[in-house]
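Asks: Please find one structure pasted underneath; my questions will follow.
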Amino acid sequence: MSDYAIKINNVSKQYRLGVVGTGTLSHDIKRKWALIRGKEDPYLKIGETNDRAVKNNSDYVWALKDINLEVKHGEVLGLIGKNGAGKSTLLKILSKVTGPTKGSIDYKGRIASLLEVGTGFHQELTGRENIYLNGAILGMRKHEIAKKLDEIVDFSGCERYIDTPVKRYSSGMMVRLGFAVAAFLEPEILVVDEVLAVGDAEFQKKAIGKMQDVSKNDGRTVLFVSHNMAAIKTLCTSAVLIENGVLSFKGDATEVVEKYLKSNYSTNQVPISQRLDRKGNGYIKFDSLMLQDKNGVQLLYGTTGKDLQFQVKFKVLERQATKLVPLEIGIIIRDYQGTIITTLASFFTNESPKGIDNNSHITCTVPNLPLLEGQYYIDLWCATSSETQDAIENAAIFHVEAGNYFNSTHAWQPRSDRHGKVVMKQKWNISD
């Protein structure tokens, strides 16, 4: 007998973009008629993979495709993937918020879910009343809930507002109470989406500690979605990687995190001008990014200790060009784990350019590049009057070669695998 808490059997979820159902009455009738006759849904034969960064031709998209997964009792499973990969869709199916298009899921035990701020709460009821409501939904009796009430209230830190309608709670208070309810009412399976990021640092630490406690000491199963890779590695015993709706890899949490980080920063980059996964109102968009030396000659890579220029070009809607000034520009440099190494920003030095148009070339010069050898990743953003015009995550990759940062005749140079990511100007003296 398999010792599983959840068994996912060939689960897929299809949506039609922009509409409810298939979008037309004739299509809905065809789908219903096929179901009555015991035939396969004819619209399952069409549809494209769920890649949000690429424009496709079909209106149908597979948010999830043929997911097979077994989660053992007491396992803490992390779900990793880019935004739009299908993680939250899978959790919603597991929590019975929505149903799969095809496939099935077998459960052993009660499920408590925290998928978004206010999940399962009635806005007009007080915090106390919502605790009892959620407990009843989980199948608990009133006296069972009452035993846990003080612990829930104490953990949430919302005692002063516990008899206030939750519609008056802040998002952070809502998450605090929601997590406390889900964790303390003893479900066999706890499903937690990215909502913990809404809470403050102190609460996140408490929440992660509680999830470790319920899994290790109580033997309960936890499914945890987060973009915080450190939390995944700390909390989870195993993890799965979901890419474009497909479960691509399962293994040890650390192993899966490393695979995700490397795939997330693939060298097969879509040109900046063609990127669709960008944010902002779009009046001004990044069109290209180029590395140059101090003389303006294009480079394929930077060198430690040598001047490096980042040159960006823009596409501007002409009717807006004279209005949206000055333009604040940011270049965020990360390592392969997603950790921010540094941020270059025009407003740091009060040099945000004005009068941007399609012929503008904006250059940021970094004297004596202090980055050690390795591969780095760039996010781009620009804004006017605190309104984001364009923002692209993982916009470009660039490599830094080792160089003689100190202009020394000594052959030894700092190495990123031993000495960190950044080298600093320094002077050593001896005094009596």
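Every chain in the structure tokens takes a letter, A first, then B, and so on in the order presented; its residues are numbered from 1, and the ligands are numbered from 1 following the presented order.
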Just want the 9 Å neighbourhood of A:Leu380, counted on only C-alpha atoms, with same-chain residues fewer than 3 positions away dropped. Output as a VMD selection string.
Replies: chain A and resid 286 329 to 332 390 to 396
Asks: Put those residues in a file: N, CA, C and O atoms, as a compact mmCIF listing (two decimals), in the first residue's frame.
Replies:
```txt
# COMPACT_ATOMS: atom_id res chain seq x y z
N PHE A 286 12.19 49.86 -23.28
CA PHE A 286 13.56 49.51 -23.61
C PHE A 286 13.58 48.78 -24.96
O PHE A 286 12.75 47.90 -25.21
N ILE A 329 16.08 55.77 -14.71
CA ILE A 329 16.48 54.50 -15.32
C ILE A 329 17.22 53.66 -14.28
O ILE A 329 18.07 54.18 -13.54
N GLY A 330 16.91 52.38 -14.22
CA GLY A 330 17.58 51.48 -13.28
C GLY A 330 18.11 50.24 -13.97
O GLY A 330 17.45 49.67 -14.85
N ILE A 331 19.31 49.84 -13.59
CA ILE A 331 19.92 48.60 -14.07
C ILE A 331 20.29 47.79 -12.82
O ILE A 331 21.17 48.18 -12.06
N ILE A 332 19.58 46.68 -12.61
CA ILE A 332 19.80 45.85 -11.43
C ILE A 332 20.65 44.64 -11.84
O ILE A 332 20.30 43.93 -12.78
N ASP A 390 8.43 50.97 -18.04
CA ASP A 390 8.81 49.65 -18.53
C ASP A 390 9.66 48.96 -17.47
O ASP A 390 10.45 49.60 -16.78
N ALA A 391 9.48 47.66 -17.34
CA ALA A 391 10.27 46.86 -16.40
C ALA A 391 10.38 45.45 -16.95
O ALA A 391 9.37 44.83 -17.30
N ILE A 392 11.60 44.94 -17.05
CA ILE A 392 11.85 43.60 -17.59
C ILE A 392 12.76 42.85 -16.63
O ILE A 392 13.88 43.29 -16.37
N GLU A 393 12.29 41.72 -16.12
CA GLU A 393 13.13 40.87 -15.30
C GLU A 393 14.00 39.99 -16.19
O GLU A 393 13.57 39.55 -17.26
N ASN A 394 15.22 39.72 -15.76
CA ASN A 394 16.14 38.88 -16.52
C ASN A 394 16.22 39.36 -17.97
O ASN A 394 16.06 38.60 -18.91
N ALA A 395 16.46 40.65 -18.14
CA ALA A 395 16.48 41.23 -19.47
C ALA A 395 17.71 40.82 -20.27
O ALA A 395 17.66 40.74 -21.50
N ALA A 396 18.83 40.58 -19.60
CA ALA A 396 20.07 40.26 -20.31
C ALA A 396 21.02 39.53 -19.38
O ALA A 396 20.90 39.56 -18.16
```
Asks: Stretch 256-346 of chain A: which residues are strand (DSSP E or B) by DSSP, as a PyMOL selection string?
Replies: chain A and resi 278-279+284-292+298+302-303+308-316+328-334+340-345
Asks: Can you pull out every residue within 6 Å of stretch 230-234 of chain A, counting only C-alpha atoms, but drop anything in the same chain fewer than 2 positions away, and send it as a PyMOL selection string?
Replies: chain A and resi 228+236+253-254
Asks: Residues of stretch 152-252 of chain A classed as helix (DSSP H, G or I) by DSSP on the backbone are to be reported as a PyMOL selection string.
Replies: chain A and resi 152-156+159-161+166-168+171-184+194-198+201-216+229-235
Asks: Which residue out of A:Ala5, A:Ile284, A:Ile430, A:Ala239 has the minimum interatomic distance to A:Asn358 when only C-alpha atoms are used?
Replies: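 Selected residue with least distance to A:Asn358: A:Ile284.
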Asks: For A:Gln292, which residue out of A:Gly338, A:Gly38, A:Pro367, A:Gly109 is the nearest one, using only C-alpha atoms?
Replies: A:Pro367
